[in-house]
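Source file: structure24.pdb. Holds: PDB, C-alpha atoms, pLDDT in the B column.
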```
ATOM      1  CA  MET A   1       0.000   0.000   0.000  1.00 70.00           C
ATOM      2  CA  PHE A   2       2.831   2.383   0.870  1.00 83.00           C
ATOM      3  CA  GLU A   3       5.644   2.139  -1.666  1.00 87.00           C
ATOM      4  CA  ARG A   4       8.158   4.720  -0.422  1.00 92.00           C
ATOM      5  CA  VAL A   5       8.013   4.267   3.354  1.00 96.00           C
ATOM      6  CA  ASN A   6       9.170   1.116   5.095  1.00 95.00           C
ATOM      7  CA  VAL A   7       7.774   0.676   8.614  1.00 96.00           C
ATOM      8  CA  LYS A   8       9.928  -1.012  11.249  1.00 97.00           C
ATOM      9  CA  GLU A   9       8.783  -1.703  14.810  1.00 97.00           C
ATOM     10  CA  ILE A  10      11.401  -0.577  17.341  1.00 97.00           C
ATOM     11  CA  THR A  11       9.195  -1.354  20.346  1.00 97.00           C
ATOM     12  CA  PRO A  12       5.449  -2.132  20.495  1.00 97.00           C
ATOM     13  CA  LYS A  13       4.883   1.632  20.855  1.00 97.00           C
ATOM     14  CA  VAL A  14       7.585   3.080  18.595  1.00 98.00           C
ATOM     15  CA  TYR A  15       7.759   2.711  14.807  1.00 98.00           C
ATOM     16  CA  LEU A  16      10.595   3.799  12.522  1.00 98.00           C
ATOM     17  CA  LEU A  17       9.455   5.158   9.143  1.00 98.00           C
ATOM     18  CA  ASP A  18      12.196   4.914   6.521  1.00 96.00           C
ATOM     19  CA  GLU A  19      11.427   6.888   3.369  1.00 95.00           C
ATOM     20  CA  SER A  20      13.503   5.111   0.732  1.00 92.00           C
ATOM     21  CA  GLY A  21      16.723   5.624   2.676  1.00 92.00           C
ATOM     22  CA  GLU A  22      16.420   9.390   2.223  1.00 93.00           C
ATOM     23  CA  SER A  23      15.029  10.465   5.576  1.00 95.00           C
ATOM     24  CA  THR A  24      13.550   8.901   8.690  1.00 97.00           C
ATOM     25  CA  GLY A  25      10.532   9.714  10.854  1.00 98.00           C
ATOM     26  CA  TYR A  26       9.016   8.050  13.887  1.00 98.00           C
ATOM     27  CA  LEU A  27       5.505   7.271  15.051  1.00 98.00           C
ATOM     28  CA  ILE A  28       5.061   6.961  18.812  1.00 98.00           C
ATOM     29  CA  VAL A  29       1.746   5.513  19.967  1.00 98.00           C
ATOM     30  CA  GLY A  30       0.613   6.412  23.468  1.00 98.00           C
ATOM     31  CA  SER A  31      -2.586   5.392  25.190  1.00 98.00           C
ATOM     32  CA  GLU A  32      -4.391   8.666  24.385  1.00 98.00           C
ATOM     33  CA  ARG A  33      -2.659  10.078  21.306  1.00 98.00           C
ATOM     34  CA  ALA A  34       0.252   9.506  18.991  1.00 98.00           C
ATOM     35  CA  ALA A  35       3.194  11.684  17.963  1.00 98.00           C
ATOM     36  CA  LEU A  36       4.827  11.734  14.542  1.00 98.00           C
ATOM     37  CA  ILE A  37       8.398  12.976  14.787  1.00 98.00           C
ATOM     38  CA  ASP A  38       9.391  14.450  11.393  1.00 98.00           C
ATOM     39  CA  THR A  39       7.468  13.949   8.170  1.00 97.00           C
ATOM     40  CA  MET A  40      10.418  13.398   5.840  1.00 96.00           C
ATOM     41  CA  ASN A  41      10.052  14.240   2.137  1.00 94.00           C
ATOM     42  CA  GLY A  42       6.306  13.665   2.021  1.00 93.00           C
ATOM     43  CA  GLY A  43       6.391  11.068  -0.722  1.00 91.00           C
ATOM     44  CA  GLU A  44       3.610   9.126   1.000  1.00 92.00           C
ATOM     45  CA  ASP A  45       0.362  10.189   2.650  1.00 95.00           C
ATOM     46  CA  LEU A  46       1.688   9.974   6.206  1.00 96.00           C
ATOM     47  CA  LYS A  47      -1.685  10.656   7.747  1.00 97.00           C
ATOM     48  CA  ALA A  48      -3.036   7.560   6.036  1.00 97.00           C
ATOM     49  CA  LEU A  49       0.065   5.604   7.012  1.00 97.00           C
ATOM     50  CA  ALA A  50      -0.333   6.590  10.661  1.00 97.00           C
ATOM     51  CA  ALA A  51      -4.011   5.636  10.500  1.00 97.00           C
ATOM     52  CA  SER A  52      -3.005   2.163   9.344  1.00 97.00           C
ATOM     53  CA  ILE A  53      -1.112   1.753  12.633  1.00 97.00           C
ATOM     54  CA  THR A  54      -3.312   3.617  15.110  1.00 98.00           C
ATOM     55  CA  ASP A  55      -6.734   5.266  15.234  1.00 98.00           C
ATOM     56  CA  LEU A  56      -5.552   7.800  17.820  1.00 98.00           C
ATOM     57  CA  PRO A  57      -5.137  11.507  16.968  1.00 98.00           C
ATOM     58  CA  VAL A  58      -1.618  12.289  15.732  1.00 98.00           C
ATOM     59  CA  MET A  59       0.492  15.268  16.779  1.00 98.00           C
ATOM     60  CA  VAL A  60       3.257  16.239  14.313  1.00 98.00           C
ATOM     61  CA  ILE A  61       6.573  17.453  15.747  1.00 98.00           C
ATOM     62  CA  ASN A  62       9.428  18.620  13.515  1.00 98.00           C
ATOM     63  CA  THR A  63      12.943  18.317  14.945  1.00 98.00           C
ATOM     64  CA  HIS A  64      14.083  21.209  12.742  1.00 98.00           C
ATOM     65  CA  GLY A  65      13.072  23.222   9.680  1.00 97.00           C
ATOM     66  CA  HIS A  66      14.796  21.496   6.753  1.00 96.00           C
ATOM     67  CA  CYS A  67      12.556  20.350   3.919  1.00 94.00           C
ATOM     68  CA  ASP A  68      13.484  16.665   4.228  1.00 94.00           C
ATOM     69  CA  HIS A  69      11.966  16.700   7.711  1.00 96.00           C
ATOM     70  CA  ILE A  70       8.881  18.895   7.227  1.00 97.00           C
ATOM     71  CA  ALA A  71       7.582  18.180   3.707  1.00 95.00           C
ATOM     72  CA  GLY A  72       5.050  15.577   4.820  1.00 96.00           C
ATOM     73  CA  ASN A  73       3.393  18.154   7.075  1.00 97.00           C
ATOM     74  CA  ILE A  74       1.115  18.807   4.115  1.00 97.00           C
ATOM     75  CA  TYR A  75      -1.006  15.787   5.072  1.00 97.00           C
ATOM     76  CA  PHE A  76      -1.850  17.245   8.507  1.00 98.00           C
ATOM     77  CA  GLU A  77      -3.703  20.208   9.980  1.00 97.00           C
ATOM     78  CA  GLU A  78      -0.811  21.609  12.010  1.00 98.00           C
ATOM     79  CA  ALA A  79       2.749  20.867  13.088  1.00 98.00           C
ATOM     80  CA  TRP A  80       4.980  21.850  15.996  1.00 98.00           C
ATOM     81  CA  ILE A  81       8.497  23.266  15.687  1.00 98.00           C
ATOM     82  CA  HIS A  82      10.934  25.297  17.780  1.00 98.00           C
ATOM     83  CA  PRO A  83      10.454  29.032  17.051  1.00 98.00           C
ATOM     84  CA  ALA A  84      14.154  29.494  16.278  1.00 98.00           C
ATOM     85  CA  ASP A  85      13.630  27.402  13.120  1.00 98.00           C
ATOM     86  CA  PHE A  86      10.375  28.985  11.976  1.00 97.00           C
ATOM     87  CA  GLU A  87      12.006  31.327   9.450  1.00 96.00           C
ATOM     88  CA  LEU A  88      14.204  28.495   8.171  1.00 96.00           C
ATOM     89  CA  ALA A  89      11.137  26.326   7.635  1.00 96.00           C
ATOM     90  CA  LYS A  90       9.427  29.139   5.719  1.00 95.00           C
ATOM     91  CA  GLN A  91      12.527  29.497   3.554  1.00 94.00           C
ATOM     92  CA  HIS A  92      12.464  25.792   2.673  1.00 92.00           C
ATOM     93  CA  MET A  93       8.710  25.923   2.051  1.00 92.00           C
ATOM     94  CA  ASN A  94       9.378  28.539  -0.626  1.00 91.00           C
ATOM     95  CA  PHE A  95      11.872  26.423  -2.559  1.00 92.00           C
ATOM     96  CA  GLU A  96      10.694  26.131  -6.156  1.00 91.00           C
ATOM     97  CA  GLY A  97      10.756  22.344  -6.048  1.00 89.00           C
ATOM     98  CA  PHE A  98       8.699  22.245  -2.864  1.00 88.00           C
ATOM     99  CA  VAL A  99       6.115  24.703  -4.183  1.00 92.00           C
ATOM    100  CA  GLN A 100       5.741  22.505  -7.268  1.00 92.00           C
ATOM    101  CA  PHE A 101       5.498  19.397  -5.067  1.00 89.00           C
ATOM    102  CA  CYS A 102       2.605  20.939  -3.121  1.00 92.00           C
ATOM    103  CA  GLU A 103       0.846  21.905  -6.347  1.00 92.00           C
ATOM    104  CA  GLU A 104       1.183  18.370  -7.702  1.00 90.00           C
ATOM    105  CA  LYS A 105      -0.232  16.921  -4.468  1.00 90.00           C
ATOM    106  CA  GLY A 106      -2.985  19.520  -4.266  1.00 92.00           C
ATOM    107  CA  LYS A 107      -1.866  20.285  -0.707  1.00 93.00           C
ATOM    108  CA  LYS A 108      -0.439  23.178   1.250  1.00 93.00           C
ATOM    109  CA  MET A 109       1.640  23.478   4.373  1.00 95.00           C
ATOM    110  CA  PRO A 110      -0.372  23.753   7.587  1.00 96.00           C
ATOM    111  CA  PRO A 111       0.380  26.373  10.239  1.00 97.00           C
ATOM    112  CA  PHE A 112       3.138  25.844  12.779  1.00 98.00           C
ATOM    113  CA  ARG A 113       2.787  25.890  16.524  1.00 98.00           C
ATOM    114  CA  PHE A 114       5.804  26.304  18.774  1.00 98.00           C
ATOM    115  CA  VAL A 115       7.386  23.921  21.262  1.00 98.00           C
ATOM    116  CA  GLU A 116       9.493  25.197  24.154  1.00 97.00           C
ATOM    117  CA  ASP A 117      12.693  23.935  25.718  1.00 98.00           C
ATOM    118  CA  GLY A 118      11.760  21.653  28.616  1.00 98.00           C
ATOM    119  CA  GLN A 119       8.168  21.217  27.478  1.00 98.00           C
ATOM    120  CA  GLU A 120       6.636  17.821  28.213  1.00 98.00           C
ATOM    121  CA  ILE A 121       4.191  16.307  25.738  1.00 98.00           C
ATOM    122  CA  ASP A 122       1.722  13.892  27.301  1.00 98.00           C
ATOM    123  CA  LEU A 123       0.669  10.988  25.080  1.00 98.00           C
ATOM    124  CA  GLY A 124      -1.179   9.214  27.886  1.00 98.00           C
ATOM    125  CA  ASP A 125       1.133   6.549  29.192  1.00 96.00           C
ATOM    126  CA  LEU A 126       4.159   8.039  27.426  1.00 98.00           C
ATOM    127  CA  THR A 127       5.904  11.396  27.811  1.00 98.00           C
ATOM    128  CA  LEU A 128       8.109  13.260  25.348  1.00 98.00           C
ATOM    129  CA  GLN A 129      10.405  15.957  26.706  1.00 98.00           C
ATOM    130  CA  VAL A 130      11.594  18.720  24.381  1.00 98.00           C
ATOM    131  CA  ILE A 131      15.296  19.614  24.618  1.00 98.00           C
ATOM    132  CA  TRP A 132      16.533  22.563  22.561  1.00 98.00           C
ATOM    133  CA  MET A 133      19.975  21.898  21.073  1.00 98.00           C
ATOM    134  CA  PRO A 134      21.225  24.457  18.529  1.00 98.00           C
ATOM    135  CA  GLY A 135      23.952  23.164  16.259  1.00 97.00           C
ATOM    136  CA  HIS A 136      22.846  21.680  12.946  1.00 97.00           C
ATOM    137  CA  THR A 137      20.238  24.459  12.920  1.00 97.00           C
ATOM    138  CA  GLN A 138      19.426  27.212  15.391  1.00 97.00           C
ATOM    139  CA  GLY A 139      16.135  25.575  16.364  1.00 98.00           C
ATOM    140  CA  SER A 140      17.089  21.902  16.409  1.00 98.00           C
ATOM    141  CA  ILE A 141      15.470  19.889  19.185  1.00 98.00           C
ATOM    142  CA  LEU A 142      15.900  16.501  20.804  1.00 98.00           C
ATOM    143  CA  LEU A 143      12.922  14.544  22.109  1.00 98.00           C
ATOM    144  CA  LEU A 144      13.356  12.213  25.075  1.00 98.00           C
ATOM    145  CA  LEU A 145      10.800   9.419  25.357  1.00 98.00           C
ATOM    146  CA  LYS A 146      11.232   8.895  29.068  1.00 96.00           C
ATOM    147  CA  GLU A 147       9.393   5.623  29.623  1.00 97.00           C
ATOM    148  CA  GLU A 148      11.118   3.855  26.727  1.00 97.00           C
ATOM    149  CA  ARG A 149      14.537   5.472  27.343  1.00 98.00           C
ATOM    150  CA  ILE A 150      14.779   6.537  23.698  1.00 98.00           C
ATOM    151  CA  LEU A 151      16.269   9.818  22.456  1.00 98.00           C
ATOM    152  CA  PHE A 152      15.072  11.155  19.095  1.00 98.00           C
ATOM    153  CA  THR A 153      17.633  13.570  17.691  1.00 98.00           C
ATOM    154  CA  GLY A 154      16.619  14.502  14.140  1.00 98.00           C
ATOM    155  CA  ASP A 155      19.820  15.780  12.561  1.00 97.00           C
ATOM    156  CA  ALA A 156      21.197  17.337  15.764  1.00 98.00           C
ATOM    157  CA  ILE A 157      23.110  14.171  16.696  1.00 98.00           C
ATOM    158  CA  ASN A 158      24.044  11.599  14.070  1.00 95.00           C
ATOM    159  CA  ARG A 159      27.073  10.015  12.393  1.00 91.00           C
ATOM    160  CA  HIS A 160      27.240  12.460   9.483  1.00 90.00           C
ATOM    161  CA  LEU A 161      26.376  15.775  11.087  1.00 93.00           C
ATOM    162  CA  TRP A 162      26.184  18.709   8.692  1.00 93.00           C
ATOM    163  CA  MET A 163      27.602  21.858  10.270  1.00 93.00           C
ATOM    164  CA  GLN A 164      28.641  23.614   7.081  1.00 90.00           C
ATOM    165  CA  LEU A 165      25.255  25.176   6.396  1.00 91.00           C
ATOM    166  CA  GLY A 166      24.489  28.868   6.681  1.00 91.00           C
ATOM    167  CA  ASP A 167      21.866  28.140   9.321  1.00 92.00           C
ATOM    168  CA  SER A 168      24.217  26.047  11.484  1.00 96.00           C
ATOM    169  CA  THR A 169      25.995  27.363  14.568  1.00 97.00           C
ATOM    170  CA  ASP A 170      29.768  27.353  14.882  1.00 96.00           C
ATOM    171  CA  LEU A 171      31.508  24.248  16.228  1.00 96.00           C
ATOM    172  CA  GLU A 172      32.308  25.886  19.561  1.00 97.00           C
ATOM    173  CA  THR A 173      28.587  26.396  20.176  1.00 98.00           C
ATOM    174  CA  LEU A 174      27.838  22.824  19.147  1.00 98.00           C
ATOM    175  CA  ALA A 175      30.471  21.551  21.584  1.00 98.00           C
ATOM    176  CA  LYS A 176      28.979  23.568  24.457  1.00 98.00           C
ATOM    177  CA  ASN A 177      25.472  22.321  23.666  1.00 98.00           C
ATOM    178  CA  LEU A 178      26.649  18.713  23.483  1.00 98.00           C
ATOM    179  CA  ASP A 179      28.157  19.176  26.934  1.00 98.00           C
ATOM    180  CA  LYS A 180      24.805  20.472  28.194  1.00 98.00           C
ATOM    181  CA  VAL A 181      22.933  17.366  27.000  1.00 98.00           C
ATOM    182  CA  MET A 182      25.562  14.852  28.085  1.00 98.00           C
ATOM    183  CA  TYR A 183      23.341  14.003  31.082  1.00 98.00           C
ATOM    184  CA  LEU A 184      21.056  12.224  28.625  1.00 98.00           C
ATOM    185  CA  THR A 185      23.535   9.348  28.448  1.00 98.00           C
ATOM    186  CA  GLY A 186      22.070   8.343  31.793  1.00 98.00           C
ATOM    187  CA  GLU A 187      18.435   8.838  30.799  1.00 98.00           C
ATOM    188  CA  ALA A 188      18.283   7.019  27.455  1.00 98.00           C
ATOM    189  CA  ASP A 189      19.744   3.812  26.071  1.00 98.00           C
ATOM    190  CA  ILE A 190      19.427   4.403  22.325  1.00 98.00           C
ATOM    191  CA  ILE A 191      19.314   7.212  19.785  1.00 98.00           C
ATOM    192  CA  LEU A 192      16.983   7.287  16.800  1.00 98.00           C
ATOM    193  CA  HIS A 193      18.066  10.050  14.420  1.00 97.00           C
ATOM    194  CA  GLY A 194      16.777  11.490  11.175  1.00 96.00           C
ATOM    195  CA  HIS A 195      18.764   9.412   8.681  1.00 95.00           C
ATOM    196  CA  THR A 196      19.054   5.892  10.016  1.00 94.00           C
ATOM    197  CA  ARG A 197      17.455   2.490   9.570  1.00 89.00           C
ATOM    198  CA  GLY A 198      17.980   1.368  13.140  1.00 94.00           C
ATOM    199  CA  ALA A 199      18.926   2.392  16.655  1.00 97.00           C
ATOM    200  CA  GLU A 200      22.295   3.865  17.615  1.00 97.00           C
ATOM    201  CA  PRO A 201      23.791   3.508  21.118  1.00 98.00           C
ATOM    202  CA  ILE A 202      23.399   6.508  23.402  1.00 98.00           C
ATOM    203  CA  SER A 203      27.213   6.696  23.461  1.00 98.00           C
ATOM    204  CA  LEU A 204      26.952   8.378  20.054  1.00 98.00           C
ATOM    205  CA  ILE A 205      26.669  11.658  21.978  1.00 98.00           C
ATOM    206  CA  LYS A 206      30.138  11.108  23.449  1.00 98.00           C
ATOM    207  CA  ASP A 207      31.548   9.997  20.095  1.00 97.00           C
ATOM    208  CA  LEU A 208      30.240  13.134  18.403  1.00 97.00           C
ATOM    209  CA  ARG A 209      31.574  15.386  21.157  1.00 97.00           C
ATOM    210  CA  ALA A 210      35.020  13.791  20.842  1.00 97.00           C
ATOM    211  CA  GLY A 211      34.962  14.227  17.062  1.00 95.00           C
ATOM    212  CA  VAL A 212      34.039  17.898  17.352  1.00 96.00           C
ATOM    213  CA  GLN A 213      36.908  18.433  19.773  1.00 96.00           C
ATOM    214  CA  GLU A 214      39.371  16.811  17.365  1.00 94.00           C
ATOM    215  CA  ILE A 215      38.318  19.287  14.695  1.00 93.00           C
ATOM    216  CA  LEU A 216      38.555  22.224  17.089  1.00 95.00           C
ATOM    217  CA  ASP A 217      42.023  21.068  18.140  1.00 94.00           C
ATOM    218  CA  GLY A 218      43.181  20.805  14.528  1.00 90.00           C
ATOM    219  CA  LYS A 219      43.822  17.076  14.760  1.00 88.00           C
ATOM    220  CA  VAL A 220      41.848  16.050  11.664  1.00 85.00           C
ATOM    221  CA  GLN A 221      44.196  14.747   8.975  1.00 79.00           C
ATOM    222  CA  ASP A 222      43.689  14.595   5.198  1.00 76.00           C
ATOM    223  CA  ASP A 223      40.506  16.647   5.382  1.00 74.00           C
ATOM    224  CA  LYS A 224      39.070  16.971   1.877  1.00 76.00           C
ATOM    225  CA  PRO A 225      36.421  19.293   0.406  1.00 74.00           C
ATOM    226  CA  TYR A 226      32.929  17.863   0.779  1.00 73.00           C
ATOM    227  CA  LYS A 227      30.382  18.540  -1.935  1.00 71.00           C
ATOM    228  CA  TRP A 228      26.697  18.753  -1.089  1.00 67.00           C
ATOM    229  CA  PHE A 229      24.052  19.679  -3.664  1.00 59.00           C
ATOM    230  CA  ASP A 230      25.712  22.448  -5.705  1.00 50.00           C
ATOM    231  CA  ALA A 231      28.095  23.756  -3.098  1.00 53.00           C
ATOM    232  CA  VAL A 232      31.388  22.820  -1.442  1.00 51.00           C
TER     233      VAL A 232
END
```

Show me, as structure tokens, the structure contained in the file I just sent.
Amino acid sequence: MFERVNVKEITPKVYLLDESGESTGYLIVGSERAALIDTMNGGEDLKALAASITDLPVMVINTHGHCDHIAGNIYFEEAWIHPADFELAKQHMNFEGFVQFCEEKGKKMPPFRFVEDGQEIDLGDLTLQVIWMPGHTQGSILLLLKEERILFTGDAINRHLWMQLGDSTDLETLAKNLDKVMYLTGEADIILHGHTRGAEPISLIKDLRAGVQEILDGKVQDDKPYKWFDAV
């Protein structure tokens, strides 16, 4: 029924949604409502996909404002994002390719509502805590699923972190913010980020922090230009 999104059960209440290896979202099913973390590139009707898993109302939460994490918002009535990424999201919504995509689907982006650092989202028997972590973007957030000891990180913490973008912070700021969230290594066991097909160990936070420090200390050898899209 759904050709582009592969659904993988992480736990009986958490589902990984892999959109053709391009981007990853997550559906968390509580006892009273569900949360969809990131809507990827929107190649499938994610509202219909969620309905095939649960009949509960679904709250959409975007970890940041890049188009490969917000495009599927078009299937919903609203979405939540950190206010520091609101302008970035609007910028990506105005990309020519995305405008054409919406026209082809006969859809439009719904309004955003804003999450706050420290906010707790009650799904019934499950709780998501919002943790603001600027780095990849100014408004990137982490989401801690307390009862399942799972940390959802979007693109803020992964194994191929992009920090070369105009909307990224500097590496010194990233390092400080990684230090601030290091306590999460004691509150979660696994990380589920925005471009993966499975769980990563929570120690990825420490690995990333060490890698950032190596760069800051000038210890990276044979560093080569990295091309992304049409830029270097």

Run the PyMOL selection byres ((chain A and resi 60-75) around 6) on the file and write out the hits as a list of chain:residue names.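 Taken on the displayed file, the PyMOL selection byres ((chain A and resi 60-75) around 6) yields the residues A:Ala35, A:Leu36, A:Ile37, A:Asp38, A:Thr39, A:Met40, A:Asn41, A:Gly42, A:Lys47, A:Met59, A:Phe76, A:Ala79, A:Trp80, A:Ile81, A:Asp85, A:Leu88, A:Ala89, A:His92, A:Lys107, A:Lys108, A:Met109, A:Ser140, A:Ile141, A:Gly154.
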
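CA of Lys176 in chain A lies 26.5 Å from CA of Thr24 in chain A.
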
Atom-to-atom span, CA of Pro134 in chain A and CA of Leu161 in chain A, Å: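 It comes out at 12.5 Å.
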
Extract, using only C-alpha atoms, all DNA, RNA and protein residues at most 8 Å from Ile202 in chain A, discarding same-chain residues fewer than 6 positions from it, and format them as a PDB file with C-alpha atoms, in the coordinates of the input.
```pdb
ATOM      1  CA  LEU A 151      16.269   9.818  22.456  1.00 98.00           C
ATOM      2  CA  THR A 185      23.535   9.348  28.448  1.00 98.00           C
ATOM      3  CA  ALA A 188      18.283   7.019  27.455  1.00 98.00           C
ATOM      4  CA  ASP A 189      19.744   3.812  26.071  1.00 98.00           C
ATOM      5  CA  ILE A 190      19.427   4.403  22.325  1.00 98.00           C
ATOM      6  CA  ILE A 191      19.314   7.212  19.785  1.00 98.00           C
TER       7      ILE A 191
END
```

Counting only C-alpha atoms, which residue out of A:Asn94, A:Thr173, A:Ser23, A:Gln129 sits closest to Gly194 in chain A?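 Counting only C-alpha atoms, the residue closest to Gly194 in chain A is A:Ser23.
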
With a distance cut-off of 10 Å and only C-alpha atoms, select the neighbouring residues of Trp132 in chain A, excluding the residue or stretch itself and same-chain residues fewer than 4 positions from it, and output the selection as an MDAnalysis selection string. chainID A and resid 63 82 84 115:119 138:143 156 177 181

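In this structure, CA of Thr169 in chain A sits 14.7 Å away from CA of Ile215 in chain A.
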
Name the residues, using the chain letters and numbers of the file, that sit within 9 Å of (-3.3, 3.6, 23.3) when counting only C-alpha atoms, and give them as a PyMOL selection string. chain A and resi 13+29-34+54-56+123-125

Just C-alpha atoms for this one: save the residues we selected as a PDB file, in the frame of the given file.
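See out.pdb below for the written result:
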```pdb
ATOM      1  CA  LYS A  13       4.883   1.632  20.855  1.00 97.00           C
ATOM      2  CA  VAL A  29       1.746   5.513  19.967  1.00 98.00           C
ATOM      3  CA  GLY A  30       0.613   6.412  23.468  1.00 98.00           C
ATOM      4  CA  SER A  31      -2.586   5.392  25.190  1.00 98.00           C
ATOM      5  CA  GLU A  32      -4.391   8.666  24.385  1.00 98.00           C
ATOM      6  CA  ARG A  33      -2.659  10.078  21.306  1.00 98.00           C
ATOM      7  CA  ALA A  34       0.252   9.506  18.991  1.00 98.00           C
ATOM      8  CA  THR A  54      -3.312   3.617  15.110  1.00 98.00           C
ATOM      9  CA  ASP A  55      -6.734   5.266  15.234  1.00 98.00           C
ATOM     10  CA  LEU A  56      -5.552   7.800  17.820  1.00 98.00           C
ATOM     11  CA  LEU A 123       0.669  10.988  25.080  1.00 98.00           C
ATOM     12  CA  GLY A 124      -1.179   9.214  27.886  1.00 98.00           C
ATOM     13  CA  ASP A 125       1.133   6.549  29.192  1.00 96.00           C
TER      14      ASP A 125
END
```

Pull out every residue that the PyMOL selection byres ((chain A and resi 15-19) around 8) matches in the shown coordinates and put them as a PyMOL selection string. chain A and resi 4-14+20-28+40-41+43+196-198

Output C-alpha atoms of each residue in that selection to a file, as a CSV table (one decimal), keeping the file's coordinate frame.
```csv
chain,number,residue,atom,x,y,z
A,4,ARG,CA,8.2,4.7,-0.4
A,5,VAL,CA,8.0,4.3,3.4
A,6,ASN,CA,9.2,1.1,5.1
A,7,VAL,CA,7.8,0.7,8.6
A,8,LYS,CA,9.9,-1.0,11.2
A,9,GLU,CA,8.8,-1.7,14.8
A,10,ILE,CA,11.4,-0.6,17.3
A,11,THR,CA,9.2,-1.4,20.3
A,12,PRO,CA,5.4,-2.1,20.5
A,13,LYS,CA,4.9,1.6,20.9
A,14,VAL,CA,7.6,3.1,18.6
A,20,SER,CA,13.5,5.1,0.7
A,21,GLY,CA,16.7,5.6,2.7
A,22,GLU,CA,16.4,9.4,2.2
A,23,SER,CA,15.0,10.5,5.6
A,24,THR,CA,13.6,8.9,8.7
A,25,GLY,CA,10.5,9.7,10.9
A,26,TYR,CA,9.0,8.0,13.9
A,27,LEU,CA,5.5,7.3,15.1
A,28,ILE,CA,5.1,7.0,18.8
A,40,MET,CA,10.4,13.4,5.8
A,41,ASN,CA,10.1,14.2,2.1
A,43,GLY,CA,6.4,11.1,-0.7
A,196,THR,CA,19.1,5.9,10.0
A,197,ARG,CA,17.5,2.5,9.6
A,198,GLY,CA,18.0,1.4,13.1
```

A:Glu87, A:Asp179, A:Glu214, A:Glu200 ranked by distance to Asp167 in chain A, top pick (using all atoms listed in the file):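 Closest candidate: A:Glu87.
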
Extending 6 Å beyond the listed atoms of range 44-48 of chain A on each side, what axis-aligned box results? I want centre and edge lengths in Å to one decimal, as lines of an AutoDock Vina configuration file.
```
center_x = 0.3
center_y = 9.1
center_z = 4.4
size_x = 18.6
size_y = 15.1
size_z = 18.7
```

Go through A:Leu192, A:Leu165, A:Ala48, A:Cys102 one by one, measure the shortest atom-to-atom distance of each to Leu145 in chain A using all atoms listed in the file, and give the residue with the smallest value.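 The answer is A:Leu192, which sits nearest to Leu145 in chain A.
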
For range 218-229 of chain A, find every residue with an atom within 12 Å (counting only C-alpha atoms), except residues of its own chain fewer than 4 positions away, and show them as a ChimeraX atom specification. /A:160,162-165,210-214

Residues near Leu204 in chain A, anyone? I mean within 8 Å using all atoms listed in the file, not counting same-chain ones fewer than 2 positions away, as JSON, numbers by chain. {"A": [157, 158, 159, 191, 200, 201, 202, 206, 207, 208]}
